[in-house]
Structures are given as structure tokens and as C-alpha cells.
file input-v3.pdb (PDB, C-alpha atoms)
MODEL        1
ATOM      1  CA  MET T   1     -10.369  -4.744  57.184  1.00  0.00           C
ATOM      2  CA  GLN T   2     -13.404  -4.110  59.307  1.00  0.00           C
ATOM      3  CA  ILE T   3     -16.833  -4.899  57.889  1.00  0.00           C
ATOM      4  CA  LYS T   4     -20.023  -3.616  59.502  1.00  0.00           C
ATOM      5  CA  TYR T   5     -23.556  -4.805  58.845  1.00  0.00           C
ATOM      6  CA  PHE T   6     -26.837  -3.060  59.552  1.00  0.00           C
ATOM      7  CA  SER T   7     -30.565  -3.794  59.591  1.00  0.00           C
ATOM      8  CA  TRP T   8     -31.665  -7.114  58.050  1.00  0.00           C
ATOM      9  CA  VAL T   9     -28.221  -7.645  56.507  1.00  0.00           C
ATOM     10  CA  LYS T  10     -26.873  -7.834  60.064  1.00  0.00           C
ATOM     11  CA  GLU T  11     -29.715 -10.125  61.151  1.00  0.00           C
ATOM     12  CA  GLN T  12     -29.176 -12.534  58.284  1.00  0.00           C
ATOM     13  CA  ILE T  13     -25.403 -12.720  58.716  1.00  0.00           C
ATOM     14  CA  GLY T  14     -25.712 -12.917  62.485  1.00  0.00           C
ATOM     15  CA  VAL T  15     -22.963 -10.450  63.475  1.00  0.00           C
ATOM     16  CA  ASP T  16     -22.830  -6.654  63.447  1.00  0.00           C
ATOM     17  CA  ALA T  17     -19.127  -6.414  62.607  1.00  0.00           C
ATOM     18  CA  GLU T  18     -16.130  -8.569  61.789  1.00  0.00           C
ATOM     19  CA  ASN T  19     -12.486  -8.241  60.795  1.00  0.00           C
ATOM     20  CA  ILE T  20     -11.098 -10.003  57.771  1.00  0.00           C
ATOM     21  CA  THR T  21      -7.755  -9.941  56.030  1.00  0.00           C
ATOM     22  CA  LEU T  22      -8.118  -8.996  52.409  1.00  0.00           C
ATOM     23  CA  LYS T  23      -6.953 -11.629  49.962  1.00  0.00           C
ATOM     24  CA  ASP T  24      -5.007 -10.607  46.862  1.00  0.00           C
ATOM     25  CA  ASN T  25      -7.803 -11.435  44.483  1.00  0.00           C
ATOM     26  CA  ILE T  26     -10.262  -9.088  46.220  1.00  0.00           C
ATOM     27  CA  GLU T  27     -10.000  -5.671  44.633  1.00  0.00           C
ATOM     28  CA  THR T  28     -13.524  -4.289  44.702  1.00  0.00           C
ATOM     29  CA  ILE T  29     -16.651  -4.379  46.836  1.00  0.00           C
ATOM     30  CA  ILE T  30     -18.239  -6.872  44.488  1.00  0.00           C
ATOM     31  CA  ASP T  31     -15.182  -9.164  44.843  1.00  0.00           C
ATOM     32  CA  LEU T  32     -15.618  -8.918  48.612  1.00  0.00           C
ATOM     33  CA  ILE T  33     -19.311  -9.810  48.372  1.00  0.00           C
ATOM     34  CA  ASN T  34     -18.487 -12.850  46.248  1.00  0.00           C
ATOM     35  CA  HIS T  35     -15.804 -13.896  48.734  1.00  0.00           C
ATOM     36  CA  LEU T  36     -18.244 -13.561  51.662  1.00  0.00           C
ATOM     37  CA  LYS T  37     -20.945 -15.475  49.776  1.00  0.00           C
ATOM     38  CA  SER T  38     -18.552 -18.377  49.364  1.00  0.00           C
ATOM     39  CA  LYS T  39     -18.061 -18.592  53.152  1.00  0.00           C
ATOM     40  CA  ASN T  40     -21.475 -19.939  54.078  1.00  0.00           C
ATOM     41  CA  GLU T  41     -25.208 -19.923  53.441  1.00  0.00           C
ATOM     42  CA  LYS T  42     -25.899 -16.947  55.753  1.00  0.00           C
ATOM     43  CA  TYR T  43     -23.824 -14.598  53.601  1.00  0.00           C
ATOM     44  CA  ASN T  44     -25.207 -16.192  50.486  1.00  0.00           C
ATOM     45  CA  ARG T  45     -28.734 -15.382  51.628  1.00  0.00           C
ATOM     46  CA  ALA T  46     -27.924 -11.842  52.793  1.00  0.00           C
ATOM     47  CA  PHE T  47     -26.271 -10.969  49.478  1.00  0.00           C
ATOM     48  CA  LYS T  48     -28.680 -12.927  47.276  1.00  0.00           C
ATOM     49  CA  ASP T  49     -30.151  -9.807  45.661  1.00  0.00           C
ATOM     50  CA  ILE T  50     -27.423  -7.180  45.486  1.00  0.00           C
ATOM     51  CA  SER T  51     -29.800  -4.664  43.890  1.00  0.00           C
ATOM     52  CA  ILE T  52     -31.109  -4.018  47.425  1.00  0.00           C
ATOM     53  CA  ILE T  53     -27.661  -3.890  49.038  1.00  0.00           C
ATOM     54  CA  ARG T  54     -26.034  -0.525  49.641  1.00  0.00           C
ATOM     55  CA  CYS T  55     -22.474  -0.058  50.832  1.00  0.00           C
ATOM     56  CA  ALA T  56     -20.168   2.533  52.302  1.00  0.00           C
ATOM     57  CA  VAL T  57     -16.384   2.671  52.266  1.00  0.00           C
ATOM     58  CA  ASN T  58     -14.992   4.674  55.154  1.00  0.00           C
ATOM     59  CA  MET T  59     -18.499   6.021  55.789  1.00  0.00           C
ATOM     60  CA  GLU T  60     -19.003   7.321  52.258  1.00  0.00           C
ATOM     61  CA  VAL T  61     -21.731   5.706  50.163  1.00  0.00           C
ATOM     62  CA  THR T  62     -20.130   4.090  47.129  1.00  0.00           C
ATOM     63  CA  ASN T  63     -20.859   1.834  44.176  1.00  0.00           C
ATOM     64  CA  LEU T  64     -20.221  -1.895  44.289  1.00  0.00           C
ATOM     65  CA  ASP T  65     -17.376  -1.604  41.791  1.00  0.00           C
ATOM     66  CA  GLU T  66     -15.413   0.677  44.146  1.00  0.00           C
ATOM     67  CA  LYS T  67     -11.805  -0.431  44.809  1.00  0.00           C
ATOM     68  CA  ILE T  68     -11.018  -1.310  48.423  1.00  0.00           C
ATOM     69  CA  ASN T  69      -7.935  -1.587  50.644  1.00  0.00           C
ATOM     70  CA  ASP T  70      -7.120  -3.634  53.719  1.00  0.00           C
ATOM     71  CA  ASN T  71      -7.369  -0.644  56.054  1.00  0.00           C
ATOM     72  CA  ASP T  72     -10.842   0.421  54.845  1.00  0.00           C
ATOM     73  CA  GLU T  73     -14.004   0.247  56.913  1.00  0.00           C
ATOM     74  CA  ILE T  74     -16.705  -1.304  54.769  1.00  0.00           C
ATOM     75  CA  ALA T  75     -20.404  -1.315  55.640  1.00  0.00           C
ATOM     76  CA  PHE T  76     -23.283  -3.221  54.048  1.00  0.00           C
ATOM     77  CA  PHE T  77     -26.901  -2.260  54.588  1.00  0.00           C
ATOM     78  CA  PRO T  78     -30.302  -2.009  52.875  1.00  0.00           C
ATOM     79  CA  PRO T  79     -31.491   1.296  51.364  1.00  0.00           C
ATOM     80  CA  MET T  80     -31.600   3.981  54.048  1.00  0.00           C
ATOM     81  CA  THR T  81     -34.904   5.037  55.593  1.00  0.00           C
ATOM     82  CA  GLY T  82     -34.293   8.159  57.632  1.00  0.00           C
ATOM     83  CA  GLY T  83     -36.695  10.860  58.646  1.00  0.00           C
TER
ATOM     84  CA  MET N   1     -26.320  22.055  63.972  1.00  0.00           C
ATOM     85  CA  ILE N   2     -26.727  18.290  63.964  1.00  0.00           C
ATOM     86  CA  LYS N   3     -27.883  16.221  66.925  1.00  0.00           C
ATOM     87  CA  VAL N   4     -28.260  12.438  66.825  1.00  0.00           C
ATOM     88  CA  GLN N   5     -29.721  11.333  70.106  1.00  0.00           C
ATOM     89  CA  LYS N   6     -31.816   8.786  71.958  1.00  0.00           C
ATOM     90  CA  GLN N   7     -33.705  11.264  74.104  1.00  0.00           C
ATOM     91  CA  ASP N   8     -36.743  13.314  73.120  1.00  0.00           C
ATOM     92  CA  PHE N   9     -36.476  17.015  72.262  1.00  0.00           C
ATOM     93  CA  ASP N  10     -38.538  20.100  73.025  1.00  0.00           C
ATOM     94  CA  VAL N  11     -39.213  21.961  69.789  1.00  0.00           C
ATOM     95  CA  THR N  12     -39.854  25.375  71.381  1.00  0.00           C
ATOM     96  CA  THR N  13     -36.665  25.246  73.438  1.00  0.00           C
ATOM     97  CA  GLU N  14     -34.571  24.094  70.479  1.00  0.00           C
ATOM     98  CA  ILE N  15     -35.880  26.897  68.253  1.00  0.00           C
ATOM     99  CA  LYS N  16     -35.588  29.599  70.894  1.00  0.00           C
ATOM    100  CA  ASN N  17     -31.966  28.544  71.524  1.00  0.00           C
ATOM    101  CA  ILE N  18     -31.229  29.625  67.951  1.00  0.00           C
ATOM    102  CA  THR N  19     -33.570  32.579  67.435  1.00  0.00           C
ATOM    103  CA  SER N  20     -32.393  34.178  70.684  1.00  0.00           C
ATOM    104  CA  LEU N  21     -28.853  34.299  69.276  1.00  0.00           C
ATOM    105  CA  ASN N  22     -29.747  36.042  66.023  1.00  0.00           C
ATOM    106  CA  LYS N  23     -32.301  38.839  65.920  1.00  0.00           C
ATOM    107  CA  ASN N  24     -32.157  38.934  62.133  1.00  0.00           C
ATOM    108  CA  ILE N  25     -34.063  35.666  61.806  1.00  0.00           C
ATOM    109  CA  GLY N  26     -37.432  36.592  60.340  1.00  0.00           C
ATOM    110  CA  GLY N  27     -38.708  33.158  59.383  1.00  0.00           C
ATOM    111  CA  THR N  28     -38.307  29.631  60.705  1.00  0.00           C
ATOM    112  CA  GLY N  29     -39.270  26.545  58.708  1.00  0.00           C
ATOM    113  CA  VAL N  30     -40.112  23.563  60.897  1.00  0.00           C
ATOM    114  CA  PHE N  31     -40.743  19.918  60.145  1.00  0.00           C
ATOM    115  CA  ILE N  32     -41.419  17.399  62.915  1.00  0.00           C
ATOM    116  CA  GLY N  33     -41.682  13.702  62.091  1.00  0.00           C
ATOM    117  CA  ASN N  34     -43.604  11.424  64.455  1.00  0.00           C
ATOM    118  CA  VAL N  35     -44.086   7.655  64.712  1.00  0.00           C
ATOM    119  CA  ARG N  36     -47.431   6.745  63.146  1.00  0.00           C
ATOM    120  CA  GLU N  37     -49.664   4.038  64.527  1.00  0.00           C
ATOM    121  CA  GLY N  38     -50.588   2.983  60.968  1.00  0.00           C
ATOM    122  CA  ASN N  39     -53.968   2.096  59.571  1.00  0.00           C
ATOM    123  CA  ASN N  40     -54.202  -1.661  59.822  1.00  0.00           C
ATOM    124  CA  SER N  41     -51.082  -3.207  61.337  1.00  0.00           C
ATOM    125  CA  ASN N  42     -51.426  -1.835  64.894  1.00  0.00           C
ATOM    126  CA  LEU N  43     -47.854  -0.685  65.357  1.00  0.00           C
ATOM    127  CA  GLN N  44     -46.561  -1.242  68.877  1.00  0.00           C
ATOM    128  CA  SER N  45     -43.115   0.274  68.527  1.00  0.00           C
ATOM    129  CA  MET N  46     -40.458   1.273  66.046  1.00  0.00           C
ATOM    130  CA  THR N  47     -36.742   0.779  66.593  1.00  0.00           C
ATOM    131  CA  LEU N  48     -34.401   3.064  64.707  1.00  0.00           C
ATOM    132  CA  GLU N  49     -30.933   1.755  64.069  1.00  0.00           C
ATOM    133  CA  HIS N  50     -28.192   3.956  62.653  1.00  0.00           C
ATOM    134  CA  TYR N  51     -24.527   3.975  61.688  1.00  0.00           C
ATOM    135  CA  PRO N  52     -22.809   6.115  64.341  1.00  0.00           C
ATOM    136  CA  ILE N  53     -20.383   8.763  63.042  1.00  0.00           C
ATOM    137  CA  MET N  54     -21.474   8.151  59.443  1.00  0.00           C
ATOM    138  CA  THR N  55     -24.921   9.426  60.447  1.00  0.00           C
ATOM    139  CA  GLU N  56     -23.474  12.665  61.774  1.00  0.00           C
ATOM    140  CA  LYS N  57     -21.252  13.011  58.682  1.00  0.00           C
ATOM    141  CA  GLN N  58     -24.135  12.450  56.274  1.00  0.00           C
ATOM    142  CA  LEU N  59     -26.450  14.842  58.104  1.00  0.00           C
ATOM    143  CA  GLU N  60     -23.682  17.441  58.152  1.00  0.00           C
ATOM    144  CA  LYS N  61     -23.215  16.999  54.408  1.00  0.00           C
ATOM    145  CA  ILE N  62     -26.946  17.322  53.688  1.00  0.00           C
ATOM    146  CA  ASN N  63     -27.146  20.347  55.967  1.00  0.00           C
ATOM    147  CA  ASN N  64     -24.215  22.005  54.176  1.00  0.00           C
ATOM    148  CA  GLU N  65     -25.896  21.353  50.835  1.00  0.00           C
ATOM    149  CA  ALA N  66     -28.993  23.213  52.060  1.00  0.00           C
ATOM    150  CA  LYS N  67     -26.819  26.133  53.175  1.00  0.00           C
ATOM    151  CA  THR N  68     -25.182  26.398  49.753  1.00  0.00           C
ATOM    152  CA  ARG N  69     -28.552  26.332  47.952  1.00  0.00           C
ATOM    153  CA  TRP N  70     -30.522  28.721  50.143  1.00  0.00           C
ATOM    154  CA  ASN N  71     -29.603  31.769  52.117  1.00  0.00           C
ATOM    155  CA  LEU N  72     -29.963  30.441  55.651  1.00  0.00           C
ATOM    156  CA  ILE N  73     -28.915  32.096  58.869  1.00  0.00           C
ATOM    157  CA  ASP N  74     -28.878  28.744  60.648  1.00  0.00           C
ATOM    158  CA  SER N  75     -30.333  25.254  60.520  1.00  0.00           C
ATOM    159  CA  LEU N  76     -30.913  22.413  62.924  1.00  0.00           C
ATOM    160  CA  ILE N  77     -31.472  18.694  62.442  1.00  0.00           C
ATOM    161  CA  ILE N  78     -32.276  16.483  65.425  1.00  0.00           C
ATOM    162  CA  HIS N  79     -32.715  12.782  64.631  1.00  0.00           C
ATOM    163  CA  ARG N  80     -33.532  10.213  67.291  1.00  0.00           C
ATOM    164  CA  TYR N  81     -32.589   6.532  67.380  1.00  0.00           C
ATOM    165  CA  GLY N  82     -33.562   3.594  69.600  1.00  0.00           C
ATOM    166  CA  LYS N  83     -37.005   2.284  70.494  1.00  0.00           C
ATOM    167  CA  LEU N  84     -39.876   4.715  69.888  1.00  0.00           C
ATOM    168  CA  TYR N  85     -43.627   4.417  70.253  1.00  0.00           C
ATOM    169  CA  PRO N  86     -46.616   5.723  68.260  1.00  0.00           C
ATOM    170  CA  GLY N  87     -46.873   9.470  68.723  1.00  0.00           C
ATOM    171  CA  ASP N  88     -43.197   9.875  69.646  1.00  0.00           C
ATOM    172  CA  GLN N  89     -41.140  12.494  67.859  1.00  0.00           C
ATOM    173  CA  ILE N  90     -38.478  11.049  65.527  1.00  0.00           C
ATOM    174  CA  VAL N  91     -36.976  14.006  63.750  1.00  0.00           C
ATOM    175  CA  LEU N  92     -36.872  17.787  63.808  1.00  0.00           C
ATOM    176  CA  VAL N  93     -35.725  19.907  60.893  1.00  0.00           C
ATOM    177  CA  ALA N  94     -35.651  23.647  61.537  1.00  0.00           C
ATOM    178  CA  THR N  95     -34.337  26.234  59.104  1.00  0.00           C
ATOM    179  CA  PHE N  96     -33.812  29.908  59.859  1.00  0.00           C
ATOM    180  CA  SER N  97     -33.630  32.765  57.394  1.00  0.00           C
ATOM    181  CA  GLU N  98     -34.464  36.450  57.003  1.00  0.00           C
ATOM    182  CA  HIS N  99     -37.575  35.689  54.958  1.00  0.00           C
ATOM    183  CA  ARG N 100     -39.887  32.695  54.697  1.00  0.00           C
ATOM    184  CA  THR N 101     -39.089  31.358  51.221  1.00  0.00           C
ATOM    185  CA  ASN N 102     -35.521  30.234  51.951  1.00  0.00           C
ATOM    186  CA  ALA N 103     -36.509  28.688  55.269  1.00  0.00           C
ATOM    187  CA  LEU N 104     -39.513  26.772  53.886  1.00  0.00           C
ATOM    188  CA  LYS N 105     -37.748  25.499  50.757  1.00  0.00           C
ATOM    189  CA  ALA N 106     -34.643  24.426  52.664  1.00  0.00           C
ATOM    190  CA  CYS N 107     -36.755  22.674  55.294  1.00  0.00           C
ATOM    191  CA  GLU N 108     -38.581  20.615  52.651  1.00  0.00           C
ATOM    192  CA  PHE N 109     -35.296  19.824  50.902  1.00  0.00           C
ATOM    193  CA  LEU N 110     -33.654  18.640  54.123  1.00  0.00           C
ATOM    194  CA  ILE N 111     -36.415  16.245  55.120  1.00  0.00           C
ATOM    195  CA  ASP N 112     -36.642  14.914  51.535  1.00  0.00           C
ATOM    196  CA  TRP N 113     -32.918  14.227  51.395  1.00  0.00           C
ATOM    197  CA  LEU N 114     -32.532  12.698  54.810  1.00  0.00           C
ATOM    198  CA  LYS N 115     -35.292  10.187  54.033  1.00  0.00           C
ATOM    199  CA  THR N 116     -33.014   8.395  51.564  1.00  0.00           C
ATOM    200  CA  LYS N 117     -29.510   9.664  52.404  1.00  0.00           C
ATOM    201  CA  ALA N 118     -29.228   9.423  56.183  1.00  0.00           C
ATOM    202  CA  PRO N 119     -28.099   5.983  57.407  1.00  0.00           C
ATOM    203  CA  PHE N 120     -31.089   5.030  59.528  1.00  0.00           C
ATOM    204  CA  TRP N 121     -33.128   1.842  59.347  1.00  0.00           C
ATOM    205  CA  LYS N 122     -36.538   1.369  60.948  1.00  0.00           C
ATOM    206  CA  LEU N 123     -37.791  -1.873  62.430  1.00  0.00           C
ATOM    207  CA  GLU N 124     -41.562  -1.871  62.928  1.00  0.00           C
ATOM    208  CA  GLU N 125     -42.899  -4.105  65.667  1.00  0.00           C
ATOM    209  CA  SER N 126     -46.615  -4.810  65.088  1.00  0.00           C
ATOM    210  CA  ASP N 127     -49.279  -7.543  64.976  1.00  0.00           C
ATOM    211  CA  LYS N 128     -47.626  -8.693  61.756  1.00  0.00           C
ATOM    212  CA  GLY N 129     -44.314  -9.320  63.505  1.00  0.00           C
ATOM    213  CA  ASN N 130     -41.050  -7.403  63.147  1.00  0.00           C
ATOM    214  CA  ILE N 131     -40.617  -5.878  59.719  1.00  0.00           C
ATOM    215  CA  TRP N 132     -37.839  -3.601  58.420  1.00  0.00           C
ATOM    216  CA  VAL N 133     -39.290  -0.576  56.636  1.00  0.00           C
ATOM    217  CA  GLU N 134     -38.455  -0.601  52.944  1.00  0.00           C
ATOM    218  CA  GLU N 135     -37.392   2.339  50.833  1.00  0.00           C
ATOM    219  CA  LYS N 136     -40.374   4.024  49.147  1.00  0.00           C
ATOM    220  CA  THR N 137     -40.357   5.049  45.488  1.00  0.00           C
ATOM    221  CA  SER N 138     -42.164   8.255  46.482  1.00  0.00           C
ATOM    222  CA  ASP N 139     -39.269   9.113  48.836  1.00  0.00           C
ATOM    223  CA  ILE N 140     -36.703   8.528  46.084  1.00  0.00           C
ATOM    224  CA  ASP N 141     -38.739  10.733  43.720  1.00  0.00           C
ATOM    225  CA  ALA N 142     -39.027  13.438  46.398  1.00  0.00           C
ATOM    226  CA  ALA N 143     -35.237  13.414  46.925  1.00  0.00           C
ATOM    227  CA  ASN N 144     -34.536  13.480  43.187  1.00  0.00           C
ATOM    228  CA  LYS N 145     -36.728  16.484  42.491  1.00  0.00           C
ATOM    229  CA  TRP N 146     -34.182  18.820  44.156  1.00  0.00           C
TER
ENDMDL
END
call {"tool": "encode", "arguments": {"input": "input-v3.pdb", "output": "C-alpha cells"}}
result
Amino acid sequence: MQIKYFSWVKEQIGVDAENITLKDNIETIIDLINHLKSKNEKYNRAFKDISIIRCAVNMEVTNLDEKINDNDEIAFFPPMTGG
Amino acid sequence: MIKVQKQDFDVTTEIKNITSLNKNIGGTGVFIGNVREGNNSNLQSMTLEHYPIMTEKQLEKINNEAKTRWNLIDSLIIHRYGKLYPGDQIVLVATFSEHRTNALKACEFLIDWLKTKAPFWKLEESDKGNIWVEEKTSDIDAANKW
């Protein structure tokens, strides 16, 4: 699965994209966040307050309880500020 | 039409490109967003980051929503990304209809929706350092009113 990060989420994690293989116990976005948080302090800090984290699955904005698959493109970012 | 680009745009040219193709356009609604210097932080520049392909998809979706709600002959959204400076143009929303009401309403709707639904993020570089612009409650309220 490819994960993309934008804005300060990208800055805090330190990469703009990465590939991971989905483990069996990761079924939803929130499972993925918890898995990433367990990796190291950078992820832990980026995902500290998930009320200000938005996500997209295959470029569609979704909720954190959305189910995910290994071939999905996931993106994490702060609330959008276009215009 | 949707354009996501680094380069600046010329409003008159962009509008004439559309009005010259359809002589039934009687009213054009236009919104241009520019980088503001700000009142007290002395903004030096603003860098707009976006999510390529998703940006185009989202803008297309928002644009289609406007077309289903109002009777538009055409519409155009140009959104820039990259490093911009105070006074620079960021965004153009232009809506074209037979009469003014549809064009003006749709134009306001489009800019309200793309504030919170288009995947752009703004990094302000000023005397205070580099700060990511946060979502504003007033923008959420403006989007929700439609």
C-alpha cells in the first residue's frame, strides 16, 4: 500500500510517501494510524490529535473508520485550505 | 474547465476564451483570490502545496455540483500552486450563464466549497517564521450554508 503525507503531517513524519505491506490486523484507517504510531515518535507526534487529521482513500476523502486494502492509496493531511 | 497550474493567468484572456465560443452568455460571475500581505505579520511569501490528480478530481466534482445546482453555460476554475508573493493571483473562479443570478450564485458557491474541499495547503513565510494556515470556522460555515 502506498501512503502519502501532506503539509505539516509530511514535515513531522519526514517523508512525503512510503510503501508498506498491510498486516492482517489492519482493517481500517484508524488501525493503520495506530500501527504507524507504534513505529516511532515521529508518527506518534504527527497523529497525536486525530481530530485535525483528514484522510483520503484512492483520492476520495473518507472517515477514519473506512476499511482499507493492500492496493489502496492512502493519504493523510490536515484540513484543506484552498482558495 | 479546471486548470491547476504553477504559472499566473490573465483573467481577460481566460474569460474571452469562453465568451467568444458562446454568444448566449449574458452574465459572467468572477472571483479572483490574491495573496494578502496581512496586517501585522509581514508576509514574505506563501507556498501552496496540493495533492496532484486528487486536486483535479475534487475541483471537477465541485464544478459538476455547481452545474447541477445552477443553470450554467460554462464555468472555469484556475488554481495555482507553488511559491507566491503578496499581490499574486492564487485562484480564479468564473461562471457563465444567460442571466446574472445563476452566474453570481454559482461563483460564490464554488469559492466557498473549494476553500474547504480542494486539497491545497498554504505555508505562510513571514517574520513569525513558517506557519501552515489553519482551517477557519468561518470557511466551514460558508461551505455548509449551501
call {"tool": "closest_residue", "arguments": {"input": "input-v3.pdb", "among": "T:Glu60, T:Asp31, T:Glu18, T:Glu73", "to": "chain N", "atoms": "only C-alpha atoms"}}
result
T:Glu60
call {"tool": "residues_near_point", "arguments": {"input": "input-v3.pdb", "point": "(-27.6, 18.2, 55.9)", "cutoff": "7 Å", "atoms": "only C-alpha atoms", "output": "tab-separated table (two decimals) with C-alpha atoms, keeping the file's coordinate frame"}}
result
chain	number	residue	atom	x	y	z
N	58	GLN	CA	-24.14	12.45	56.27
N	59	LEU	CA	-26.45	14.84	58.10
N	60	GLU	CA	-23.68	17.44	58.15
N	61	LYS	CA	-23.22	17.00	54.41
N	62	ILE	CA	-26.95	17.32	53.69
N	63	ASN	CA	-27.15	20.35	55.97
N	64	ASN	CA	-24.22	22.00	54.18
N	65	GLU	CA	-25.90	21.35	50.84
N	66	ALA	CA	-28.99	23.21	52.06
N	110	LEU	CA	-33.65	18.64	54.12
call {"tool": "interface_residues", "arguments": {"input": "input-v3.pdb", "of": "chain N", "to": "chain T", "cutoff": "12 Å", "atoms": "only C-alpha atoms", "output": "PDB file with C-alpha atoms, keeping the file's coordinate frame"}}
result
ATOM      1  CA  VAL N   4     -28.260  12.438  66.825  1.00  0.00           C
ATOM      2  CA  PHE N  31     -40.743  19.918  60.145  1.00  0.00           C
ATOM      3  CA  ILE N  32     -41.419  17.399  62.915  1.00  0.00           C
ATOM      4  CA  GLY N  33     -41.682  13.702  62.091  1.00  0.00           C
ATOM      5  CA  ASN N  34     -43.604  11.424  64.455  1.00  0.00           C
ATOM      6  CA  VAL N  35     -44.086   7.655  64.712  1.00  0.00           C
ATOM      7  CA  THR N  47     -36.742   0.779  66.593  1.00  0.00           C
ATOM      8  CA  LEU N  48     -34.401   3.064  64.707  1.00  0.00           C
ATOM      9  CA  GLU N  49     -30.933   1.755  64.069  1.00  0.00           C
ATOM     10  CA  HIS N  50     -28.192   3.956  62.653  1.00  0.00           C
ATOM     11  CA  TYR N  51     -24.527   3.975  61.688  1.00  0.00           C
ATOM     12  CA  PRO N  52     -22.809   6.115  64.341  1.00  0.00           C
ATOM     13  CA  ILE N  53     -20.383   8.763  63.042  1.00  0.00           C
ATOM     14  CA  MET N  54     -21.474   8.151  59.443  1.00  0.00           C
ATOM     15  CA  THR N  55     -24.921   9.426  60.447  1.00  0.00           C
ATOM     16  CA  GLU N  56     -23.474  12.665  61.774  1.00  0.00           C
ATOM     17  CA  LYS N  57     -21.252  13.011  58.682  1.00  0.00           C
ATOM     18  CA  GLN N  58     -24.135  12.450  56.274  1.00  0.00           C
ATOM     19  CA  LEU N  59     -26.450  14.842  58.104  1.00  0.00           C
ATOM     20  CA  LYS N  61     -23.215  16.999  54.408  1.00  0.00           C
ATOM     21  CA  ILE N  77     -31.472  18.694  62.442  1.00  0.00           C
ATOM     22  CA  ILE N  78     -32.276  16.483  65.425  1.00  0.00           C
ATOM     23  CA  HIS N  79     -32.715  12.782  64.631  1.00  0.00           C
ATOM     24  CA  ARG N  80     -33.532  10.213  67.291  1.00  0.00           C
ATOM     25  CA  TYR N  81     -32.589   6.532  67.380  1.00  0.00           C
ATOM     26  CA  GLN N  89     -41.140  12.494  67.859  1.00  0.00           C
ATOM     27  CA  ILE N  90     -38.478  11.049  65.527  1.00  0.00           C
ATOM     28  CA  VAL N  91     -36.976  14.006  63.750  1.00  0.00           C
ATOM     29  CA  LEU N  92     -36.872  17.787  63.808  1.00  0.00           C
ATOM     30  CA  VAL N  93     -35.725  19.907  60.893  1.00  0.00           C
ATOM     31  CA  GLU N 108     -38.581  20.615  52.651  1.00  0.00           C
ATOM     32  CA  PHE N 109     -35.296  19.824  50.902  1.00  0.00           C
ATOM     33  CA  LEU N 110     -33.654  18.640  54.123  1.00  0.00           C
ATOM     34  CA  ILE N 111     -36.415  16.245  55.120  1.00  0.00           C
ATOM     35  CA  ASP N 112     -36.642  14.914  51.535  1.00  0.00           C
ATOM     36  CA  TRP N 113     -32.918  14.227  51.395  1.00  0.00           C
ATOM     37  CA  LEU N 114     -32.532  12.698  54.810  1.00  0.00           C
ATOM     38  CA  LYS N 115     -35.292  10.187  54.033  1.00  0.00           C
ATOM     39  CA  THR N 116     -33.014   8.395  51.564  1.00  0.00           C
ATOM     40  CA  LYS N 117     -29.510   9.664  52.404  1.00  0.00           C
ATOM     41  CA  ALA N 118     -29.228   9.423  56.183  1.00  0.00           C
ATOM     42  CA  PRO N 119     -28.099   5.983  57.407  1.00  0.00           C
ATOM     43  CA  PHE N 120     -31.089   5.030  59.528  1.00  0.00           C
ATOM     44  CA  TRP N 121     -33.128   1.842  59.347  1.00  0.00           C
ATOM     45  CA  LYS N 122     -36.538   1.369  60.948  1.00  0.00           C
ATOM     46  CA  LEU N 123     -37.791  -1.873  62.430  1.00  0.00           C
ATOM     47  CA  GLU N 124     -41.562  -1.871  62.928  1.00  0.00           C
ATOM     48  CA  ASN N 130     -41.050  -7.403  63.147  1.00  0.00           C
ATOM     49  CA  ILE N 131     -40.617  -5.878  59.719  1.00  0.00           C
ATOM     50  CA  TRP N 132     -37.839  -3.601  58.420  1.00  0.00           C
ATOM     51  CA  VAL N 133     -39.290  -0.576  56.636  1.00  0.00           C
ATOM     52  CA  GLU N 134     -38.455  -0.601  52.944  1.00  0.00           C
ATOM     53  CA  GLU N 135     -37.392   2.339  50.833  1.00  0.00           C
ATOM     54  CA  LYS N 136     -40.374   4.024  49.147  1.00  0.00           C
ATOM     55  CA  THR N 137     -40.357   5.049  45.488  1.00  0.00           C
ATOM     56  CA  ASP N 139     -39.269   9.113  48.836  1.00  0.00           C
ATOM     57  CA  ILE N 140     -36.703   8.528  46.084  1.00  0.00           C
ATOM     58  CA  ALA N 143     -35.237  13.414  46.925  1.00  0.00           C
TER      59      ALA N 143
END
call {"tool": "resolve_selection", "arguments": {"input": "input-v3.pdb", "expression": "the PyMOL selection byres ((chain T and resi 32-40) around 10)", "output": "PyMOL selection string"}}
result
chain T and resi 13+22-23+25-31+41-48+50+64+68+74+76
call {"tool": "resolve_selection", "arguments": {"input": "input-v3.pdb", "expression": "the PyMOL selection byres ((chain N and resi 8-21) around 8)", "output": "count of residues only"}}
result
11
call {"tool": "axis_aligned_box", "arguments": {"input": "input-v3.pdb", "around": "segment 31-47 of chain T", "padding_each_side": "6 Å", "output": "JSON"}}
result
{"center_x": -22.0, "center_y": -14.4, "center_z": 50.3, "size_x": 25.6, "size_y": 23.0, "size_z": 22.9}
call {"tool": "atom_distance", "arguments": {"input": "input-v3.pdb", "atom1": "atom CA of Gly29 of chain N", "atom2": "atom CA of Ala106 of chain N"}}
result
7.9 Å
